[in-house]
Amino acid sequence: MTHEDRRLHALDSHNEPQPSQQAHDALEQALFEIKRVIVGQEAMLERVLVALLAGGHVLLEGVPGLAKTLTVKTVADVLGGSFKRLQFTPDLVPADLVGTRIYRPDTGGFDTELGPVFCNFLLADEINRAPAKVQSALLEVMQERQVTIGHETHHVPAPFLVLATQNPIESEGTYPLPEAQVDRFMFKLVVDYPSHRDEVSVVERSLESSTVAREVLSPEKLSEHQRAARTVYVDRRVMEYAVALTTATRDPGEENWVEFGASPRGSINLVHAGRALALLRGRDYMLPVDVRDLARDVLRHRIVLTYEALAAGVDADRVLDDVLERVPMPRIELAQERGGGGFYGA
């Protein structure tokens, strides 16, 4: 290679986008493709991608008809992964979820039939309608990413995202998730009704032929972007801010609204999800605002309220509003090579 060839090669390498920028561009394209099918729900779509990048799972709470199933199906189509939907009912058993061993009289042996949990994107519809054994089986595979059937261990494919839904308006025939199990979800998203404009667009689209989402990102590429998310720089002051928010939820305050605050898993998920959000926003470093933007979704399901709070109609979001106002966001000076100088923070 001549001196001129080496110089041109060095210039090409210098101009090549960084992994963080490549991930941002690819995920922006994926988000744009998803929005061709899903109207509105921008916050939910962003959090689903953040959970995918950070390796977490999502608990959705909302009334029926808010495109929860369509969202997961569309994400699977855009990312090229396999999708399964499982309707949870009171008569479900763990084998219906993870699989079982079946005796074959013709061979005199057992075959393993894997359950619907072996996919990239699993929609666990109305998870609170299934009994405790089924809930535990699902939460175990969410944590361990594997299932043991008989004497064999089977790993679920990567990436693996569980999106579980709860219907907040029904209590008949339901089994509420224990706090220790809800804590395994990275996010709890409260999905509200669409705006008037968005709902008109939904009705208008229903009159036309359905839009089919194109695959724009493969599971292998998504795995690369997950690795890029793990390299996002986190300043110690950002970590201290995340921990300060989590520990502040353990203070019952004068009103005595909090029985138990968020566990250390809240701090961990704030930082891991914040790194993924920073990457989605095109940065290779994390800022305090990333933690603040995710605080309600990461912490709301980790707080156990007192009877006084429930009687007063206070919910976890009201407690978190007070926490975010009480805990100051740190000021971080951005280096010239990162942010062009200046301060970022409260």
# chains A, B, ... in the order shown; residues from 1 in each chain; ligands from 1
call {"tool": "closest_atom_pairs", "arguments": {"of": "stretch 137-212 of chain A", "to": "stretch 100-105 of chain A", "cutoff": "10 Å", "atoms": "only C-alpha atoms", "output": "Markdown table"}}
result
| residue | atom | partner | partner_atom | distance |
| --- | --- | --- | --- | --- |
| A:Thr148 | CA | A:Thr100 | CA | 9.6 |
| A:Ile149 | CA | A:Thr100 | CA | 6.4 |
| A:Gly150 | CA | A:Arg101 | CA | 7.2 |
call {"tool": "closest_atom_pairs", "arguments": {"of": "stretch 256-342 of chain A", "to": "stretch 224-239 of chain A", "cutoff": "6 Å", "atoms": "only C-alpha atoms", "output": "tab-separated table"}}
result
residue	atom	partner	partner_atom	distance
A:Arg275	CA	A:Val232	CA	5.8
A:Ala276	CA	A:Ala229	CA	5.3
A:Asp284	CA	A:Val232	CA	4.8
A:Tyr285	CA	A:Tyr233	CA	4.4
A:Met286	CA	A:Val234	CA	5.4
A:Pro288	CA	A:Val238	CA	5.5
call {"tool": "write_last_selection", "arguments": {"atoms": "C-alpha atoms", "output": "PDB file, in the first residue's frame"}}
result
ATOM      1  CA  ARG A 275     -27.719   4.601  28.527  1.00  0.00           C
ATOM      2  CA  ALA A 276     -30.072   3.112  25.938  1.00  0.00           C
ATOM      3  CA  ASP A 284     -22.405   8.197  23.403  1.00  0.00           C
ATOM      4  CA  TYR A 285     -22.654   9.708  26.892  1.00  0.00           C
ATOM      5  CA  MET A 286     -25.492   9.916  29.401  1.00  0.00           C
ATOM      6  CA  PRO A 288     -29.033  13.665  34.026  1.00  0.00           C
TER       7      PRO A 288
END
call {"tool": "select_by_dssp", "arguments": {"residues": "stretch 23-248 of chain A", "states": "helix (DSSP H, G or I)", "output": "PyMOL selection string"}}
result
chain A and resi 23-35+42-54+68-79+94-98+127-129+132-144+179-182+196-206+219-229+236-248
call {"tool": "closest_residue", "arguments": {"among": "A:Ala316, A:Leu222, A:Leu177, A:Leu45", "to": "A:Arg129", "atoms": "only C-alpha atoms"}}
result
A:Leu177
call {"tool": "residues_around", "arguments": {"residues": "A:His24", "least_positions_apart": "3", "cutoff": "8 Å", "atoms": "only C-alpha atoms", "output": "PyMOL selection string"}}
result
chain A and resi 20-21+27-28+279-282
call {"tool": "closest_atom_pairs", "arguments": {"of": "stretch 10-89 of chain A", "to": "stretch 195-210 of chain A", "cutoff": "9 Å", "atoms": "only C-alpha atoms", "output": "tab-separated table"}}
result
residue	atom	partner	partner_atom	distance
A:Val37	CA	A:Ser210	CA	8.1
A:Ile38	CA	A:Val202	CA	8.4
A:Val39	CA	A:Asp198	CA	6.2
A:Gly40	CA	A:Asp198	CA	6.0
call {"tool": "write_last_selection", "arguments": {"atoms": "C-alpha atoms", "output": "JSON list (two decimals), in the first residue's frame"}}
result
[["chain", "number", "residue", "atom", "x", "y", "z"],
["A", 37, "VAL", "CA", -48.39, 1.61, 11.21],
["A", 38, "ILE", "CA", -48.91, 2.94, 14.75],
["A", 39, "VAL", "CA", -50.56, 6.35, 15.17],
["A", 40, "GLY", "CA", -49.41, 8.35, 18.19]]
call {"tool": "closest_residue", "arguments": {"among": "A:Leu294, A:Ala273, A:Val212, A:Ile303", "to": "A:Thr247", "atoms": "only C-alpha atoms"}}
result
A:Ile303
call {"tool": "select_by_dssp", "arguments": {"residues": "stretch 180-325 of chain A", "states": "strand (DSSP E)", "output": "PyMOL selection string"}}
result
chain A and resi 187-190+258-260+304-305
call {"tool": "write_last_selection", "arguments": {"atoms": "C-alpha atoms", "output": "compact mmCIF listing (two decimals), in the first residue's frame"}}
result
# COMPACT_ATOMS: atom_id res chain seq x y z
CA PHE A 187 -40.69 -0.22 32.80
CA LYS A 188 -44.30 0.09 33.74
CA LEU A 189 -45.99 2.22 31.11
CA VAL A 190 -49.43 3.69 31.64
CA VAL A 258 -44.98 5.51 51.07
CA GLU A 259 -44.96 2.10 52.76
CA PHE A 260 -41.96 0.75 50.82
CA VAL A 304 -45.85 0.47 47.68
CA LEU A 305 -48.26 3.12 48.92
call {"tool": "closest_residue", "arguments": {"among": "A:Ile332, A:Val78, A:Met44, A:Leu277", "to": "A:Phe121", "atoms": "only C-alpha atoms"}}
result
A:Val78
call {"tool": "atom_distance", "arguments": {"atom1": "atom CA of A:Ser267", "atom2": "atom CA of A:Val243"}}
result
5.2 Å
call {"tool": "residues_around", "arguments": {"residues": "A:Leu52", "least_positions_apart": "2", "cutoff": "8 Å", "atoms": "only C-alpha atoms", "output": "PyMOL selection string"}}
result
chain A and resi 48-50+54-57+159-161+226
call {"tool": "atom_distance", "arguments": {"atom1": "atom CA of A:Asp290", "atom2": "atom CA of A:Gly274"}}
result
5.3 Å
call {"tool": "closest_residue", "arguments": {"among": "A:Ala30, A:Ala242, A:Ala51, A:Val327", "to": "A:Val271", "atoms": "only C-alpha atoms"}}
result
A:Ala242
call {"tool": "decode", "arguments": {"residues": "stretch 102-159 of chain A", "atoms": "C-alpha atoms", "output": "mmCIF file, in the first residue's frame"}}
result
data_model
loop_
_atom_site.group_PDB
_atom_site.id
_atom_site.type_symbol
_atom_site.label_atom_id
_atom_site.label_comp_id
_atom_site.auth_asym_id
_atom_site.auth_seq_id
_atom_site.Cartn_x
_atom_site.Cartn_y
_atom_site.Cartn_z
ATOM 1 C CA ILE A 102 -44.413 -35.684 25.687
ATOM 2 C CA TYR A 103 -44.229 -39.498 25.754
ATOM 3 C CA ARG A 104 -44.080 -41.163 22.310
ATOM 4 C CA PRO A 105 -45.425 -44.754 22.469
ATOM 5 C CA ASP A 106 -43.911 -45.604 19.078
ATOM 6 C CA THR A 107 -40.373 -44.839 20.233
ATOM 7 C CA GLY A 108 -40.792 -45.452 23.958
ATOM 8 C CA GLY A 109 -39.100 -42.113 24.667
ATOM 9 C CA PHE A 110 -39.926 -38.527 25.483
ATOM 10 C CA ASP A 111 -39.843 -35.552 23.135
ATOM 11 C CA THR A 112 -39.601 -31.972 24.339
ATOM 12 C CA GLU A 113 -42.218 -29.597 23.001
ATOM 13 C CA LEU A 114 -41.115 -26.001 23.533
ATOM 14 C CA GLY A 115 -43.768 -23.458 24.450
ATOM 15 C CA PRO A 116 -44.604 -20.060 22.951
ATOM 16 C CA VAL A 117 -42.100 -18.292 25.223
ATOM 17 C CA PHE A 118 -39.344 -19.295 22.759
ATOM 18 C CA CYS A 119 -39.555 -16.271 20.482
ATOM 19 C CA ASN A 120 -38.005 -12.815 20.186
ATOM 20 C CA PHE A 121 -41.109 -10.814 21.105
ATOM 21 C CA LEU A 122 -43.703 -12.240 23.475
ATOM 22 C CA LEU A 123 -46.945 -10.455 24.235
ATOM 23 C CA ALA A 124 -48.307 -11.731 27.544
ATOM 24 C CA ASP A 125 -51.841 -10.402 27.309
ATOM 25 C CA GLU A 126 -53.562 -9.705 30.638
ATOM 26 C CA ILE A 127 -50.830 -11.299 32.740
ATOM 27 C CA ASN A 128 -52.861 -10.707 35.916
ATOM 28 C CA ARG A 129 -55.492 -13.226 34.751
ATOM 29 C CA ALA A 130 -53.080 -16.149 35.134
ATOM 30 C CA PRO A 131 -52.472 -17.878 38.489
ATOM 31 C CA ALA A 132 -49.256 -17.422 40.470
ATOM 32 C CA LYS A 133 -47.513 -20.525 39.042
ATOM 33 C CA VAL A 134 -47.808 -19.248 35.471
ATOM 34 C CA GLN A 135 -46.752 -15.735 36.442
ATOM 35 C CA SER A 136 -43.678 -17.146 38.215
ATOM 36 C CA ALA A 137 -42.765 -19.307 35.211
ATOM 37 C CA LEU A 138 -42.861 -16.270 32.926
ATOM 38 C CA LEU A 139 -40.911 -14.040 35.289
ATOM 39 C CA GLU A 140 -38.279 -16.758 35.738
ATOM 40 C CA VAL A 141 -37.587 -17.008 32.015
ATOM 41 C CA MET A 142 -37.532 -13.195 31.820
ATOM 42 C CA GLN A 143 -34.764 -13.118 34.414
ATOM 43 C CA GLU A 144 -32.745 -16.201 33.467
ATOM 44 C CA ARG A 145 -33.378 -16.190 29.682
ATOM 45 C CA GLN A 146 -33.645 -19.963 29.814
ATOM 46 C CA VAL A 147 -36.056 -22.777 30.682
ATOM 47 C CA THR A 148 -35.280 -26.185 32.174
ATOM 48 C CA ILE A 149 -37.594 -28.986 31.029
ATOM 49 C CA GLY A 150 -36.743 -32.382 32.443
ATOM 50 C CA HIS A 151 -32.963 -32.486 32.591
ATOM 51 C CA GLU A 152 -32.383 -30.187 29.627
ATOM 52 C CA THR A 153 -31.879 -26.428 29.642
ATOM 53 C CA HIS A 154 -33.162 -24.464 26.662
ATOM 54 C CA HIS A 155 -32.142 -20.835 26.029
ATOM 55 C CA VAL A 156 -34.626 -18.368 24.586
ATOM 56 C CA PRO A 157 -33.488 -16.582 21.394
ATOM 57 C CA ALA A 158 -31.838 -13.172 21.485
ATOM 58 C CA PRO A 159 -33.078 -10.493 21.514
#
